[in-house]
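A.B. asks: Just so it is clear, I am handing over coords_21.cif, which has mmCIF, C-alpha atoms.
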```cif
data_my_file
loop_
_atom_site.label_atom_id
_atom_site.label_comp_id
_atom_site.auth_asym_id
_atom_site.auth_seq_id
_atom_site.Cartn_x
_atom_site.Cartn_y
_atom_site.Cartn_z
CA MET A 1 284.53 113.47 177.28
CA LYS A 2 286.94 111.40 175.24
CA ASN A 3 285.28 108.18 176.47
CA ILE A 4 281.86 109.48 175.56
CA ILE A 5 283.04 110.21 172.02
CA ILE A 6 284.62 106.73 171.69
CA THR A 7 281.45 105.08 173.04
CA PHE A 8 279.39 107.09 170.59
CA ILE A 9 281.61 106.05 167.67
CA VAL A 10 281.46 102.37 168.70
CA LEU A 11 277.68 102.55 169.04
CA LEU A 12 277.47 104.24 165.67
CA PHE A 13 279.66 101.54 164.13
CA CYS A 14 277.63 98.72 165.73
CA GLY A 15 274.48 100.41 164.59
CA SER A 16 275.62 100.49 161.00
CA VAL A 17 276.62 96.83 161.18
CA SER A 18 273.27 95.75 162.58
CA ALA A 19 271.50 97.90 159.98
CA GLN A 20 272.93 95.60 157.31
CA GLY A 21 271.11 92.60 155.95
CA ILE A 22 272.48 89.08 155.65
CA ASN A 23 276.25 88.98 155.52
CA PHE A 24 277.06 86.43 152.80
CA GLU A 25 280.52 84.98 153.22
CA LYS A 26 282.85 85.04 150.26
CA CYS A 27 284.10 81.49 150.68
CA THR A 28 283.68 78.03 149.26
CA TYR A 29 281.13 75.48 150.45
CA GLU A 30 283.82 73.55 152.37
CA GLU A 31 285.15 76.69 154.00
CA GLY A 32 281.59 77.62 154.95
CA LEU A 33 281.08 74.31 156.75
CA ILE A 34 284.38 74.69 158.63
CA LYS A 35 283.59 78.28 159.61
CA ALA A 36 280.15 77.21 160.86
CA ASN A 37 281.72 74.43 162.90
CA ASN A 38 284.24 76.82 164.45
CA GLU A 39 281.53 79.34 165.30
CA ASN A 40 279.00 76.73 166.47
CA LYS A 41 276.51 77.81 163.83
CA LEU A 42 274.55 76.16 161.02
CA VAL A 43 274.98 76.93 157.31
CA PHE A 44 272.46 78.83 155.23
CA ILE A 45 272.83 78.62 151.43
CA ASP A 46 270.94 80.81 148.99
CA CYS A 47 270.91 78.69 145.81
CA TYR A 48 270.26 81.08 142.93
CA THR A 49 270.74 81.46 139.18
CA GLU A 50 271.13 84.51 136.98
CA TRP A 51 267.80 83.99 135.20
CA CYS A 52 265.79 83.70 138.42
CA GLY A 53 263.62 86.75 139.06
CA PRO A 54 262.41 85.72 142.54
CA CYS A 55 266.09 85.19 143.52
CA LYS A 56 266.92 88.75 142.52
CA ARG A 57 263.92 90.09 144.39
CA LEU A 58 264.95 88.24 147.56
CA ALA A 59 268.53 89.50 147.23
CA LYS A 60 267.44 93.08 146.70
CA GLU A 61 264.40 93.45 148.93
CA VAL A 62 264.53 90.76 151.63
CA PHE A 63 268.11 89.74 152.41
CA THR A 64 269.03 93.40 152.81
CA GLN A 65 266.62 93.95 155.69
CA GLU A 66 268.04 94.56 159.15
CA LYS A 67 265.80 92.07 160.98
CA ILE A 68 266.65 89.11 158.75
CA GLY A 69 270.32 90.10 158.84
CA ALA A 70 270.36 90.20 162.64
CA PHE A 71 268.75 86.75 162.89
CA TYR A 72 270.64 84.94 160.13
CA ASN A 73 274.05 86.43 160.90
CA THR A 74 273.68 85.32 164.53
CA ASN A 75 272.64 81.76 163.78
CA PHE A 76 274.16 80.87 160.43
CA VAL A 77 277.21 81.12 158.26
CA CYS A 78 275.51 82.40 155.14
CA LEU A 79 276.60 81.44 151.62
CA LYS A 80 275.32 82.46 148.22
CA MET A 81 275.85 80.06 145.32
CA ASP A 82 275.16 80.42 141.60
CA MET A 83 274.07 76.84 140.91
CA GLU A 84 275.07 76.98 137.25
CA LYS A 85 278.66 78.00 137.86
CA GLY A 86 281.70 76.52 139.59
CA GLU A 87 280.98 74.28 142.56
CA GLY A 88 277.32 75.30 142.39
CA ILE A 89 276.79 72.80 139.55
CA GLU A 90 277.86 69.86 141.71
CA LEU A 91 275.98 71.17 144.73
CA ALA A 92 272.77 71.54 142.69
CA SER A 93 273.05 67.90 141.71
CA PHE A 94 274.00 66.69 145.20
CA TYR A 95 271.23 68.63 146.99
CA GLU A 96 268.73 67.94 144.18
CA VAL A 97 267.97 71.61 143.62
CA LYS A 98 265.26 71.69 140.96
CA SER A 99 263.85 75.21 141.28
CA TYR A 100 265.17 78.61 142.26
CA PRO A 101 265.64 80.11 144.69
CA THR A 102 266.15 77.12 146.94
CA LEU A 103 267.17 78.11 150.43
CA LEU A 104 268.98 75.38 152.34
CA ILE A 105 269.89 75.05 155.97
CA LEU A 106 272.65 72.53 156.59
CA ASN A 107 274.47 71.22 159.62
CA THR A 108 278.25 71.38 159.68
CA GLU A 109 278.46 67.95 158.01
CA GLY A 110 276.53 69.31 155.06
CA GLU A 111 273.33 67.40 155.83
CA VAL A 112 270.09 69.15 154.95
CA LEU A 113 268.10 70.21 158.00
CA GLY A 114 265.58 72.20 156.02
CA ARG A 115 264.56 73.69 152.69
CA MET A 116 262.82 77.01 152.77
CA ASN A 117 260.60 78.96 150.48
CA GLY A 118 259.29 82.40 151.24
CA ARG A 119 258.76 85.92 150.02
CA THR A 120 259.24 87.97 153.16
CA ALA A 121 261.83 88.38 155.89
CA GLU A 122 259.23 87.31 158.47
CA ASP A 123 258.53 84.07 156.56
CA LEU A 124 262.20 83.22 156.35
CA ILE A 125 262.87 84.02 160.00
CA ASP A 126 259.89 81.89 161.11
CA GLN A 127 260.95 78.93 158.97
CA ALA A 128 264.58 79.14 160.08
CA ASN A 129 263.45 79.41 163.71
CA GLY A 130 261.41 76.23 163.29
CA ILE A 131 264.43 74.39 161.89
CA LEU A 132 266.67 75.64 164.71
CA LYS A 133 264.18 74.40 167.32
CA GLU A 134 264.09 70.93 165.75
CA LYS A 135 267.88 70.73 165.51
CA MET B 1 242.66 110.98 76.45
CA LYS B 2 245.96 109.16 76.37
CA ASN B 3 246.60 110.15 80.01
CA ALA B 4 243.16 109.01 81.06
CA LEU B 5 243.82 105.64 79.44
CA ARG B 6 247.16 105.35 81.26
CA LEU B 7 245.46 106.17 84.56
CA PHE B 8 242.81 103.55 83.88
CA VAL B 9 245.45 100.90 83.14
CA LEU B 10 247.35 101.87 86.28
CA ILE B 11 244.22 101.58 88.44
CA ILE B 12 243.42 98.16 86.96
CA TYR B 13 247.02 97.05 87.56
CA LEU B 14 247.05 98.22 91.17
CA TYR B 15 243.66 96.69 91.89
CA GLY B 16 244.71 93.41 90.37
CA GLY B 17 248.02 93.43 92.24
CA ASN B 18 246.41 94.13 95.60
CA ASN B 19 243.83 91.48 94.94
CA ALA B 20 246.56 88.95 94.21
CA ILE B 21 248.34 89.82 97.48
CA ALA B 22 245.05 89.62 99.36
CA GLN B 23 244.45 86.16 97.88
CA ILE B 24 247.88 84.92 98.97
CA ASP B 25 247.44 86.27 102.50
CA LYS B 26 243.89 85.18 103.02
CA ILE B 27 243.36 82.43 105.55
CA ASP B 28 240.66 79.93 104.71
CA SER B 29 237.75 80.87 106.99
CA ASP B 30 236.67 77.22 107.32
CA LEU B 31 240.18 76.37 108.44
CA GLU B 32 240.00 79.10 111.08
CA MET B 33 236.80 77.57 112.41
CA MET B 34 238.36 74.11 112.41
CA VAL B 35 241.33 75.47 114.34
CA GLU B 36 239.00 76.89 116.98
CA MET B 37 237.32 73.51 117.34
CA GLU B 38 240.59 71.60 117.37
CA GLN B 39 241.92 73.87 120.12
CA MET B 40 239.15 72.64 122.38
CA ASP B 41 239.97 69.01 121.54
CA LEU B 42 243.74 69.33 121.93
CA VAL B 43 244.57 67.31 125.03
CA THR B 44 247.43 68.02 127.40
CA SER B 45 248.44 66.12 130.50
CA LYS B 46 247.67 67.71 133.86
CA PRO B 47 250.34 70.20 134.95
CA THR B 48 251.88 69.46 138.34
CA ALA B 49 253.96 71.24 140.97
CA MET B 50 257.05 69.45 139.62
CA ASP B 51 256.18 70.18 135.99
CA PRO B 52 253.87 73.21 135.93
CA LEU B 53 253.49 73.44 132.14
CA SER B 54 251.98 70.72 129.99
CA TYR B 55 252.23 71.01 126.25
CA ASN B 56 250.84 69.59 123.04
CA ALA B 57 250.67 70.57 119.37
CA LYS B 58 248.95 69.43 116.22
CA VAL B 59 248.46 70.12 112.53
CA VAL B 60 245.05 71.15 111.25
CA TRP B 61 244.47 70.92 107.48
CA SER B 62 242.02 72.86 105.38
CA GLU B 63 239.49 70.73 103.55
CA ASN B 64 241.10 71.15 100.13
CA LYS B 65 244.59 70.66 101.62
CA ASP B 66 245.97 73.94 100.28
CA GLN B 67 246.44 75.44 103.74
CA LEU B 68 247.20 74.18 107.21
CA ALA B 69 247.62 75.53 110.72
CA ILE B 70 250.07 74.58 113.43
CA VAL B 71 248.37 74.78 116.81
CA LEU B 72 250.33 74.76 120.06
CA LYS B 73 248.71 74.47 123.44
CA ALA B 74 250.30 75.11 126.83
CA ASP B 75 248.46 74.57 130.09
CA LEU B 76 249.97 76.20 133.15
CA LEU B 77 249.34 75.18 136.74
CA ASN B 78 247.40 77.75 138.73
CA ASN B 79 249.69 80.53 140.00
CA TRP B 80 252.44 79.70 137.49
CA GLN B 81 253.46 81.80 134.50
CA ILE B 82 255.73 81.95 131.48
CA TYR B 83 257.09 85.09 129.89
CA ALA B 84 255.62 86.69 126.78
CA TYR B 85 258.31 89.31 126.88
CA ALA B 86 261.25 89.78 129.22
CA SER B 87 263.65 92.66 128.64
CA ASP B 88 267.38 92.00 128.86
CA ALA B 89 267.44 93.90 132.15
CA SER B 90 264.96 91.49 133.74
CA ALA B 91 265.92 88.14 135.21
CA TYR B 92 263.41 86.20 133.13
CA ILE B 93 263.45 84.40 129.78
CA THR B 94 261.08 85.14 126.89
CA THR B 95 259.07 82.19 125.58
CA GLU B 96 260.01 81.05 122.07
CA ILE B 97 258.34 78.73 119.59
CA ARG B 98 260.77 76.26 118.07
CA PHE B 99 259.43 75.21 114.70
CA GLU B 100 261.17 75.15 111.35
CA ALA B 101 258.65 74.91 108.57
CA PRO B 102 259.62 72.27 106.01
CA LYS B 103 259.96 73.05 102.32
CA GLY B 104 256.56 73.49 100.75
CA LEU B 105 255.04 75.48 103.60
CA GLU B 106 254.79 79.24 103.22
CA PRO B 107 253.64 81.17 106.29
CA ILE B 108 250.55 83.33 106.05
CA GLY B 109 251.35 85.99 108.62
CA ASP B 110 253.14 85.56 111.92
CA TRP B 111 252.32 83.40 114.94
CA GLN B 112 249.04 84.34 116.59
CA LYS B 113 249.72 84.56 120.30
CA PRO B 114 247.50 84.97 123.36
CA ILE B 115 247.17 88.38 124.96
CA ALA B 116 250.00 88.92 127.42
CA LYS B 117 249.50 90.48 130.84
CA PRO B 118 251.87 93.11 132.21
CA TYR B 119 253.84 91.75 135.20
CA SER B 120 256.59 94.18 136.06
CA GLU B 121 258.68 96.77 134.25
CA GLY B 122 259.81 95.27 130.95
CA VAL B 123 258.09 91.93 131.66
CA GLU B 124 254.84 90.50 130.28
CA ILE B 125 253.43 87.08 131.10
CA PHE B 126 251.14 84.31 129.91
CA LYS B 127 249.03 82.38 132.43
CA GLY B 128 246.47 79.57 132.35
CA GLU B 129 245.54 77.76 129.13
CA ILE B 130 247.16 79.39 126.10
CA PHE B 131 247.32 78.73 122.35
CA PHE B 132 249.71 79.72 119.61
CA VAL B 133 248.58 79.35 116.00
CA ARG B 134 250.32 79.90 112.68
CA TYR B 135 248.77 79.39 109.24
CA TYR B 136 250.66 78.14 106.21
CA LYS B 137 249.97 77.89 102.51
CA VAL B 138 250.84 74.44 101.16
CA VAL B 139 252.69 74.40 97.86
CA ASP B 140 250.97 72.17 95.30
CA GLY B 141 252.10 68.58 95.20
CA VAL B 142 254.25 68.71 98.33
CA LYS B 143 254.30 65.61 100.50
CA PHE B 144 255.61 65.50 104.04
CA VAL B 145 257.11 62.16 104.83
CA LYS B 146 258.83 62.60 108.18
CA PRO B 147 257.32 64.07 111.35
CA ILE B 148 258.59 67.56 112.21
CA LYS B 149 259.43 68.70 115.70
CA CYS B 150 257.51 71.59 117.16
CA GLY B 151 258.67 72.94 120.49
CA LEU B 152 258.12 75.55 123.12
CA TYR B 153 261.10 77.02 124.95
CA TYR B 154 260.06 78.65 128.20
CA GLN B 155 260.83 79.46 131.80
CA ALA B 156 258.05 78.71 134.29
CA CYS B 157 257.87 80.61 137.57
CA ASP B 158 255.43 81.13 140.41
CA PRO B 159 255.77 84.15 142.71
CA ASN B 160 258.37 82.33 144.85
CA GLN B 161 260.42 80.21 142.49
CA CYS B 162 261.47 79.43 138.93
CA PHE B 163 262.31 76.18 137.18
CA PRO B 164 265.26 76.20 134.79
CA PRO B 165 264.33 77.11 131.21
CA LYS B 166 263.45 74.09 129.11
CA THR B 167 262.09 73.05 125.73
CA LYS B 168 259.15 70.70 125.31
CA THR B 169 258.63 69.23 121.85
CA VAL B 170 256.02 67.24 120.00
CA ASP B 171 256.51 65.37 116.73
CA LEU B 172 253.98 66.76 114.28
CA GLN B 173 252.60 64.31 111.76
CA PHE B 174 251.57 65.87 108.46
#
```
Step by step, read the file and then write its structure as structure tokens.

C.D. replies:
Amino acid sequence: MKNIIITFIVLLFCGSVSAQGINFEKCTYEEGLIKANNENKLVFIDCYTEWCGPCKRLAKEVFTQEKIGAFYNTNFVCLKMDMEKGEGIELASFYEVKSYPTLLILNTEGEVLGRMNGRTAEDLIDQANGILKEK
Amino acid sequence: MKNALRLFVLIIYLYGGNNAIAQIDKIDSDLEMMVEMEQMDLVTSKPTAMDPLSYNAKVVWSENKDQLAIVLKADLLNNWQIYAYASDASAYITTEIRFEAPKGLEPIGDWQKPIAKPYSEGVEIFKGEIFFVRYYKVVDGVKFVKPIKCGLYYQACDPNQCFPPKTKTVDLQF
């Protein structure tokens, strides 16, 4: 009986985790690359700014969806960068980010494997899948 | 009788006063027609995916040179928009006209703007080819030597992305 309860709690916990959207790491760009290397993943960066409406819509309505969370959290270390603040300013210049949002997929050396643009979770999963296949 | 005379004087005064105001505020109808024609002739470069708003501006004078109009034109790439109004709660930036009238120009009314379309809560947009016009009365004897900058500050977005806000300016020759 005890085991059943523990199993139930674990399942419940796992369920709540998988019900989350994309898990954006609270770390620097460098730390993100190292973490991706250690976990054998690629890096996904959501390049946003405060005045960008489509960025806010993605953050609120798309990145929070379970299906995109499951896919991106499995394959990427996910970072979110305000490109007008802190290290975002340098990254915007280095990666030539001209419009927002720009969604980048990088390898662990920081090289761009793909730039994405999309409005739905399905779009972003399909595009990321294509980049993973070409890796 | 005395009261009737006072009333008569008051009516004449009010009529005269209103008439004077109406004269100051009245835009030359020929100038309005010229502005409409000049709008059609105002050329802008072709907007592109990298620069989705092209911009130009010009001065249109009335025939007797006592009034003029500043005409701004913005041409937006299909599917792109700028913001007529964006509340503080939204993540967009309201379009602003950057023009400081030189001494000797007195505005007749406010800027005439295109009709905005509702976009989302607290946000209205402009799309396509749009014009902004403002009329001015020219003070007698004023000469404008230097060109004056006239700019449009805006944020251009399509449904998927936004470019950083920027200002485009044109030097207006008077």

A.B. asks: Separation of atom CA of B:Lys149 and atom CA of B:Leu42, in Å?

C.D. replies: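 Spanning atom CA of B:Lys149 to atom CA of B:Leu42 is a straight-line distance of 16.9 Å.
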
A.B. asks: Which residues come within 10 Å of B:Tyr55, counting only C-alpha atoms, excluding same-chain residues fewer than 4 positions away, as an MDAnalysis selection string?

C.D. replies: chainID B and resid 42:47 72:76 129:131 151:152 168:170

A.B. asks: Under the PyMOL selection byres ((chain A and resi 23) around 10), which residues of this model are included? Write them out as number ranges by chain.

C.D. replies: A: 17, 20-22, 24-26, 63-64, 69-70, 72-73, 76-80

A.B. asks: Could you save those same residues with C-alpha atoms as a tab-separated table (two decimals), keeping the file's coordinate frame?

C.D. replies:
```tsv
chain	number	residue	atom	x	y	z
A	17	VAL	CA	276.62	96.83	161.18
A	20	GLN	CA	272.93	95.60	157.31
A	21	GLY	CA	271.11	92.60	155.95
A	22	ILE	CA	272.48	89.08	155.65
A	24	PHE	CA	277.06	86.43	152.80
A	25	GLU	CA	280.52	84.98	153.22
A	26	LYS	CA	282.85	85.04	150.26
A	63	PHE	CA	268.11	89.74	152.41
A	64	THR	CA	269.03	93.40	152.81
A	69	GLY	CA	270.32	90.10	158.84
A	70	ALA	CA	270.36	90.20	162.64
A	72	TYR	CA	270.64	84.94	160.13
A	73	ASN	CA	274.05	86.43	160.90
A	76	PHE	CA	274.16	80.87	160.43
A	77	VAL	CA	277.21	81.12	158.26
A	78	CYS	CA	275.51	82.40	155.14
A	79	LEU	CA	276.60	81.44	151.62
A	80	LYS	CA	275.32	82.46	148.22
```

A.B. asks: Once you count all atoms listed in the file, what closest atom pair and distance in Å to one decimal does each residue of chain A within 7 Å of chain B have, with rows by chain and rising residue number, as a Markdown table?

C.D. replies:
```
| residue | atom | partner | partner_atom | distance |
| --- | --- | --- | --- | --- |
| A:Glu50 | CA | B:Ala91 | CA | 6.6 |
| A:Trp51 | CA | B:Ala91 | CA | 4.6 |
| A:Cys52 | CA | B:Ala91 | CA | 5.5 |
| A:Gly53 | CA | B:Ala91 | CA | 4.7 |
| A:Pro54 | CA | B:Asn160 | CA | 5.8 |
| A:Lys98 | CA | B:Phe163 | CA | 6.6 |
| A:Ser99 | CA | B:Phe163 | CA | 4.5 |
| A:Tyr100 | CA | B:Gln161 | CA | 5.0 |
| A:Pro101 | CA | B:Gln161 | CA | 5.7 |
| A:Asn117 | CA | B:Asn160 | CA | 6.9 |
| A:Gly118 | CA | B:Asn160 | CA | 6.5 |
| A:Arg119 | CA | B:Asn160 | CA | 6.3 |
```

A.B. asks: How would you write, as a VMD selection string, the residues chosen by the PyMOL selection byres ((chain A and resi 39-46) around 8) on this structure?

C.D. replies: chain A and resid 32 to 33 35 to 38 47 to 48 75 to 81 101 to 108

A.B. asks: Dig up all the protein and nucleic acid residues within 12 Å of (263.4, 94.6, 129.7) in the file frame, using only C-alpha atoms, and format them as a list in words.

C.D. replies: Tyr83, Ala84, Tyr85, Ala86, Ser87, Asp88, Ala89, Ser90, Ala91, Tyr92, Ile93, Thr94, Pro118, Tyr119, Ser120, Glu121, Gly122, Val123 and Glu124 of chain B

A.B. asks: Would you compute the distance between atom CA of B:Gly104 and atom CA of B:Val142? Give it in Å to one decimal.

C.D. replies: 5.8 Å

A.B. asks: Atom CA of A:Gly130 to atom CA of A:Lys56: how many Å, to one decimal?

C.D. replies: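 Value for the atom CA of A:Gly130-atom CA of A:Lys56 distance: 24.9 Å.
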
A.B. asks: Starting from the shown file, work through the PyMOL selection byres ((chain B and resi 141) around 12) and note down what comes out as number ranges by chain.

C.D. replies: B: 65-66, 103-105, 138-140, 142-144

A.B. asks: Pick out the closest residue to A:Met83 from this set: A:Val62, A:Leu132, A:Cys55, A:Ile68. Count only C-alpha atoms.

C.D. replies: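 Of A:Val62, A:Leu132, A:Cys55, A:Ile68, the one nearest A:Met83, counting only C-alpha atoms, is A:Cys55.
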
A.B. asks: If you take every atom of stretch 63-72 of chain B that the file lists and fit an axis-aligned box around them with 8 Å extra on each side, what centre and edge lengths come out in Å to one decimal, as lines of an AutoDock Vina configuration file?

C.D. replies:
```
center_x = 244.9
center_y = 73.1
center_z = 110.1
size_x = 26.8
size_y = 20.9
size_z = 35.9
```

A.B. asks: Compute the distance from (258.3, 91.6, 157.9) to each atom, counting only C-alpha atoms, keep the residues with any atom at most 9 Å away, and return them as a list in words; use the coordinates of the file.

C.D. replies: Val62, Gln65, Lys67, Ile68, Thr120, Ala121, Glu122 and Asp123 of chain A

A.B. asks: Pick from B:Pro107, B:Pro102, B:Pro114, B:Pro52: nearest to B:Cys150, with all atoms listed in the file counted?

C.D. replies: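 Result for the nearest residue to B:Cys150: B:Pro102.
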
A.B. asks: Contacts of B:Ile27 at 8 Å or less, counting all atoms listed in the file, minus same-chain residues fewer than 6 places along, as number ranges by chain?

C.D. replies: B: 67, 108, 135

A.B. asks: At a cut-off of 12 Å, using all atoms listed in the file, what residues contact B:Glu36? Leave out same-chain residues fewer than 4 positions from it and give the result as a PyMOL selection string.

C.D. replies: chain B and resi 29-32+40-42+60+69-73+131-133
